[in-house]
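S.K.: This is the content of query_2.pdb (PDB, C-alpha atoms and all ligand atoms):
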ATOM      1  CA  MET A  67     121.406 109.479  14.456
ATOM      2  CA  THR A  68     123.693 112.442  14.437
ATOM      3  CA  ASP A  69     125.662 113.355  17.507
ATOM      4  CA  ALA A  70     127.133 116.795  17.788
ATOM      5  CA  SER A  71     128.397 119.279  20.285
ATOM      6  CA  THR A  72     127.645 122.936  20.326
ATOM      7  CA  ASP A  73     130.319 125.438  19.696
ATOM      8  CA  ASP A  74     129.096 127.209  22.829
ATOM      9  CA  THR A  75     128.635 130.468  21.003
ATOM     10  CA  GLU A  76     126.881 132.691  23.476
ATOM     11  CA  ARG A  77     124.724 135.530  22.298
ATOM     12  CA  GLY A  78     124.780 136.949  25.777
ATOM     13  CA  ASP A  79     121.444 138.078  27.089
ATOM     14  CA  SER A  80     122.705 139.402  30.392
ATOM     15  CA  SER A  81     119.265 140.630  31.506
ATOM     16  CA  SER A  82     118.129 137.094  32.359
ATOM     17  CA  GLU A  83     119.659 134.151  34.126
ATOM     18  CA  SER A  84     119.624 131.982  31.031
ATOM     19  CA  THR A  85     122.149 131.959  28.236
ATOM     20  CA  VAL A  86     121.556 131.384  24.539
ATOM     21  CA  TYR A  87     123.848 128.859  22.831
ATOM     22  CA  HIS A  88     124.357 128.184  19.158
ATOM     23  CA  VAL A  89     123.448 124.595  18.234
ATOM     24  CA  THR A  90     123.701 124.213  14.445
ATOM     25  CA  SER A  91     122.525 125.558  11.124
ATOM     26  CA  VAL A  92     118.839 124.918  10.507
ATOM     27  CA  ASP A  93     119.679 123.378   7.123
ATOM     28  CA  ASP A  94     121.763 120.712   8.843
ATOM     29  CA  MET A  95     118.653 119.132  10.371
ATOM     30  CA  GLU A  96     115.736 117.652   8.476
ATOM     31  CA  GLU A  97     112.345 116.790   9.932
ATOM     32  CA  GLY A  98     112.761 113.881  12.342
ATOM     33  CA  ASP A  99     116.483 114.492  12.868
ATOM     34  CA  ARG A 100     117.940 114.854  16.319
ATOM     35  CA  LEU A 101     121.194 115.969  17.874
ATOM     36  CA  LEU A 102     122.783 115.239  21.195
ATOM     37  CA  VAL A 103     124.430 118.361  22.538
ATOM     38  CA  ASP A 104     126.348 119.058  25.710
ATOM     39  CA  ILE A 105     125.771 122.541  27.056
ATOM     40  CA  ASP A 106     127.192 123.696  30.345
ATOM     41  CA  GLY A 107     127.399 120.112  31.610
ATOM     42  CA  GLN A 108     123.812 119.353  30.606
ATOM     43  CA  SER A 109     123.045 116.767  27.967
ATOM     44  CA  LEU A 110     120.201 117.933  25.714
ATOM     45  CA  ALA A 111     118.371 116.104  22.952
ATOM     46  CA  ILE A 112     117.439 118.482  20.124
ATOM     47  CA  PHE A 113     114.666 117.348  17.754
ATOM     48  CA  ARG A 114     113.347 118.826  14.544
ATOM     49  CA  GLY A 115     109.629 118.384  14.125
ATOM     50  CA  SER A 116     107.601 119.303  11.063
ATOM     51  CA  GLU A 117     107.617 123.001  11.889
ATOM     52  CA  GLU A 118     109.537 123.436  15.111
ATOM     53  CA  PHE A 119     112.658 122.497  16.986
ATOM     54  CA  TYR A 120     112.532 121.053  20.486
ATOM     55  CA  ALA A 121     115.134 120.784  23.207
ATOM     56  CA  ILE A 122     114.600 118.320  26.041
ATOM     57  CA  SER A 123     116.793 116.757  28.709
ATOM     58  CA  ASN A 124     118.534 113.691  27.329
ATOM     59  CA  TYR A 125     117.988 111.533  30.417
ATOM     60  CA  CYS A 126     114.687 109.741  30.911
ATOM     61  CA  GLN A 127     113.102 110.109  34.343
ATOM     62  CA  HIS A 128     112.625 106.347  34.612
ATOM     63  CA  GLN A 129     116.165 104.949  34.511
ATOM     64  CA  GLY A 130     118.102 107.526  32.554
ATOM     65  CA  GLY A 131     117.545 106.196  29.037
ATOM     66  CA  PRO A 132     118.940 108.344  26.182
ATOM     67  CA  MET A 133     116.038 110.419  24.848
ATOM     68  CA  CYS A 134     118.138 111.473  21.829
ATOM     69  CA  LYS A 135     117.676 107.914  20.559
ATOM     70  CA  GLY A 136     113.917 107.867  21.111
ATOM     71  CA  ARG A 137     111.229 107.676  18.457
ATOM     72  CA  MET A 138     109.330 110.867  17.689
ATOM     73  CA  LEU A 139     105.609 110.149  17.754
ATOM     74  CA  ASN A 140     102.232 111.590  17.550
ATOM     75  CA  PRO A 141     101.422 110.919  21.120
ATOM     76  CA  LEU A 142      99.355 108.396  22.841
ATOM     77  CA  ASP A 143      97.071 110.243  25.200
ATOM     78  CA  SER A 144      96.457 108.118  28.254
ATOM     79  CA  THR A 145      93.756 108.327  30.851
ATOM     80  CA  LYS A 146      93.143 106.002  33.729
ATOM     81  CA  SER A 147      89.685 104.549  33.854
ATOM     82  CA  LYS A 148      88.359 102.454  36.685
ATOM     83  CA  ASP A 149      89.854  99.234  35.387
ATOM     84  CA  ALA A 150      92.632 100.102  32.955
ATOM     85  CA  TRP A 151      94.594 102.747  31.123
ATOM     86  CA  GLU A 152      92.898 103.976  27.968
ATOM     87  CA  LEU A 153      95.042 105.273  25.133
ATOM     88  CA  SER A 154      94.103 107.572  22.262
ATOM     89  CA  GLN A 155      96.028 109.511  19.636
ATOM     90  CA  ASP A 156      96.409 113.291  19.691
ATOM     91  CA  SER A 157      98.199 114.245  16.516
ATOM     92  CA  ASP A 158      98.674 117.881  17.503
ATOM     93  CA  VAL A 159     101.257 117.258  20.190
ATOM     94  CA  PRO A 160     104.581 115.704  19.191
ATOM     95  CA  THR A 161     106.216 113.397  21.669
ATOM     96  CA  VAL A 162     109.323 111.277  22.047
ATOM     97  CA  ALA A 163     109.388 107.756  23.461
ATOM     98  CA  CYS A 164     112.346 106.595  25.496
ATOM     99  CA  PRO A 165     114.168 103.797  23.640
ATOM    100  CA  TRP A 166     114.650 101.695  26.780
ATOM    101  CA  HIS A 167     111.136 101.101  28.119
ATOM    102  CA  GLY A 168     108.912 103.442  26.135
ATOM    103  CA  TRP A 169     108.085 106.213  28.569
ATOM    104  CA  GLU A 170     106.689 108.988  26.415
ATOM    105  CA  TYR A 171     107.082 112.735  26.887
ATOM    106  CA  GLU A 172     105.639 115.760  25.121
ATOM    107  CA  LEU A 173     108.468 117.461  23.277
ATOM    108  CA  GLU A 174     107.170 120.962  23.911
ATOM    109  CA  THR A 175     106.549 120.716  27.639
ATOM    110  CA  GLY A 176     108.500 117.635  28.749
ATOM    111  CA  GLU A 177     105.379 116.311  30.443
ATOM    112  CA  HIS A 178     104.995 112.557  30.645
ATOM    113  CA  VAL A 179     101.898 111.569  28.655
ATOM    114  CA  ALA A 180     100.536 109.648  31.623
ATOM    115  CA  PRO A 181      99.468 111.695  34.594
ATOM    116  CA  THR A 182     102.661 111.314  36.607
ATOM    117  CA  LYS A 183     105.103 113.619  38.282
ATOM    118  CA  TYR A 184     107.902 112.343  36.051
ATOM    119  CA  ASN A 185     108.458 115.161  33.592
ATOM    120  CA  LEU A 186     111.592 116.167  31.705
ATOM    121  CA  PRO A 187     113.047 119.677  31.593
ATOM    122  CA  THR A 188     112.642 121.412  28.239
ATOM    123  CA  TYR A 189     114.401 124.459  26.842
ATOM    124  CA  ASP A 190     113.387 127.214  24.445
ATOM    125  CA  THR A 191     114.738 126.984  20.916
ATOM    126  CA  ILE A 192     115.304 130.019  18.724
ATOM    127  CA  VAL A 193     115.775 130.157  14.952
ATOM    128  CA  GLU A 194     117.461 133.285  13.667
ATOM    129  CA  ASP A 195     119.116 133.904  10.308
ATOM    130  CA  GLY A 196     119.096 130.197   9.501
ATOM    131  CA  GLU A 197     120.801 129.215  12.742
ATOM    132  CA  LEU A 198     119.373 127.234  15.651
ATOM    133  CA  TYR A 199     119.967 128.345  19.232
ATOM    134  CA  VAL A 200     118.858 126.946  22.560
ATOM    135  CA  GLU A 201     118.283 128.934  25.724
ATOM    136  CA  VAL A 202     119.596 127.205  28.825
TER
HETATM  137  S1  LIG A 301     114.737 104.454  31.040
HETATM  138 FE1  LIG A 301     113.266 105.492  29.864
HETATM  139  S2  LIG A 301     111.522 104.290  29.958
HETATM  140 FE2  LIG A 301     112.959 103.265  31.213
END
Show this structure as structure tokens.

M.R.:
Amino acid sequence: MTDASTDDTERGDSSSESTVYHVTSVDDMEEGDRLLVDIDGQSLAIFRGSEEFYAISNYCQHQGGPMCKGRMLNPLDSTKSKDAWELSQDSDVPTVACPWHGWEYELETGEHVAPTKYNLPTYDTIVEDGELYVEV
């Protein structure tokens, strides 16, 4: 695992309430890599998937486990039947599993894969001229 901090380079989009921060060079992350970045007092886990980058809150909704240390997965899709949870794979939606107790979240939306209210905040990532930015 690679830990890093941003250099807090702001590109300054003053027309919105969010700010764009420089994270790293795209070439510094390979598929499956992740970074832990601290932006404006928020701890974000940045993941590189096969084609996209994802930015998600680093703290699991269960007990605050470090999502930056979680396994990236093709998700388990869970549905509750009358007697038990049923799990199936959906390879189109990448997820990350918390390393402490396995709660699993979609990387794009932050939604818990089970139908719960426990979702994680996610942030837009931007790739421009070989550099990765996150909008917070
Ligand atoms: S702290 Fe993440 S699953 Fe428990």

S.K.: Write out as a list in words each polymer residue (protein, DNA or RNA) that has an atom no more than 8 Å from ligand LIG 301 (chain A), with only C-alpha atoms and all ligand atoms counted.

M.R.: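 Here is the list of contacting residues: Tyr125, Cys126, Gln127, His128, Gln129, Gly130, Gly131, Pro132, Met133, Ala163, Cys164, Pro165, Trp166, His167, Gly168, Trp169 and Glu170 of chain A.
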
S.K.: My list of candidates is A:Phe119, A:Met138, A:Val200, A:Glu97. Which is closest to A:Tyr171 when distances are computed with all atoms listed in the file?

M.R.: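 Answer, going by the shortest atom-to-atom distance: A:Met138.
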
S.K.: Just give me the gap between atom CA of A:Arg114 and atom CA of A:Val179 in Å, one decimal is fine.

M.R.: 19.6 Å

S.K.: Report, in Å to a single decimal, how far apart atom CA of A:Ser123 and atom CA of A:Pro181 are.

M.R.: 19.0 Å

S.K.: Rounded to one decimal in Å, what is the spacing between atom CA of A:Tyr184 and atom CA of A:Gly136?

M.R.: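 Computed distance, atom CA of A:Tyr184 to atom CA of A:Gly136, equals 16.7 Å.
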
S.K.: I need the output of the PyMOL selection byres (((chain A and resi 172) around 8) and not hetatm) for this file as a list in words; which residues are they?

M.R.: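 When the PyMOL selection byres (((chain A and resi 172) around 8) and not hetatm) is applied, the selected residues are Pro141, Val159, Pro160, Thr161, Val162, Glu170, Tyr171, Leu173, Glu174, Thr175, Gly176, Glu177, His178 and Val179 of chain A.
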
S.K.: Nearest to A:Tyr87: which of A:Glu117, A:Arg100, A:Asp149, A:Ile105 is it, counting only C-alpha atoms?

M.R.: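 Going through A:Glu117, A:Arg100, A:Asp149, A:Ile105 one by one, the smallest distance to A:Tyr87 is for A:Ile105.
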
S.K.: Translate the PyMOL selection byres (((chain A and resi 190-196) around 10) and not hetatm), as applied to the file shown, into an explicit residue set as a PDB file with C-alpha atoms, in the frame of the given file.

M.R.:
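Saved to expr27.pdb:
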ATOM      1  CA  VAL A  86     121.556 131.384  24.539  1.00  0.00           C
ATOM      2  CA  TYR A  87     123.848 128.859  22.831  1.00  0.00           C
ATOM      3  CA  HIS A  88     124.357 128.184  19.158  1.00  0.00           C
ATOM      4  CA  VAL A  89     123.448 124.595  18.234  1.00  0.00           C
ATOM      5  CA  THR A  90     123.701 124.213  14.445  1.00  0.00           C
ATOM      6  CA  SER A  91     122.525 125.558  11.124  1.00  0.00           C
ATOM      7  CA  VAL A  92     118.839 124.918  10.507  1.00  0.00           C
ATOM      8  CA  ASP A  93     119.679 123.378   7.123  1.00  0.00           C
ATOM      9  CA  ASP A  94     121.763 120.712   8.843  1.00  0.00           C
ATOM     10  CA  ILE A 112     117.439 118.482  20.124  1.00  0.00           C
ATOM     11  CA  GLU A 118     109.537 123.436  15.111  1.00  0.00           C
ATOM     12  CA  PHE A 119     112.658 122.497  16.986  1.00  0.00           C
ATOM     13  CA  TYR A 120     112.532 121.053  20.486  1.00  0.00           C
ATOM     14  CA  ALA A 121     115.134 120.784  23.207  1.00  0.00           C
ATOM     15  CA  ILE A 122     114.600 118.320  26.041  1.00  0.00           C
ATOM     16  CA  GLU A 174     107.170 120.962  23.911  1.00  0.00           C
ATOM     17  CA  THR A 175     106.549 120.716  27.639  1.00  0.00           C
ATOM     18  CA  THR A 188     112.642 121.412  28.239  1.00  0.00           C
ATOM     19  CA  TYR A 189     114.401 124.459  26.842  1.00  0.00           C
ATOM     20  CA  GLU A 197     120.801 129.215  12.742  1.00  0.00           C
ATOM     21  CA  LEU A 198     119.373 127.234  15.651  1.00  0.00           C
ATOM     22  CA  TYR A 199     119.967 128.345  19.232  1.00  0.00           C
ATOM     23  CA  VAL A 200     118.858 126.946  22.560  1.00  0.00           C
ATOM     24  CA  GLU A 201     118.283 128.934  25.724  1.00  0.00           C
ATOM     25  CA  VAL A 202     119.596 127.205  28.825  1.00  0.00           C
TER      26      VAL A 202
END

S.K.: From the options A:Cys134, A:Thr85, A:Asp158, A:Met95, which residue's atoms come nearest to A:Ser109, counting all atoms listed in the file?

M.R.: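 Using all atoms listed in the file, A:Ser109 sits closest to A:Cys134.
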
S.K.: What are the centre and edge lengths in Å, to one decimal, of the axis-aligned box around all listed atoms of stretch 119-135 of chain A with 3 Å added on each side, as lines of an AutoDock Vina configuration file?

M.R.:
center_x = 115.7
center_y = 113.7
center_z = 25.8
size_x = 12.4
size_y = 23.5
size_z = 23.6

S.K.: Between A:Asp104, A:Pro187, A:Thr182, A:Ala111, single out the one closest to A:Asn124, counting only C-alpha atoms.

M.R.: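 Smallest separation from A:Asn124 among the options: A:Ala111.
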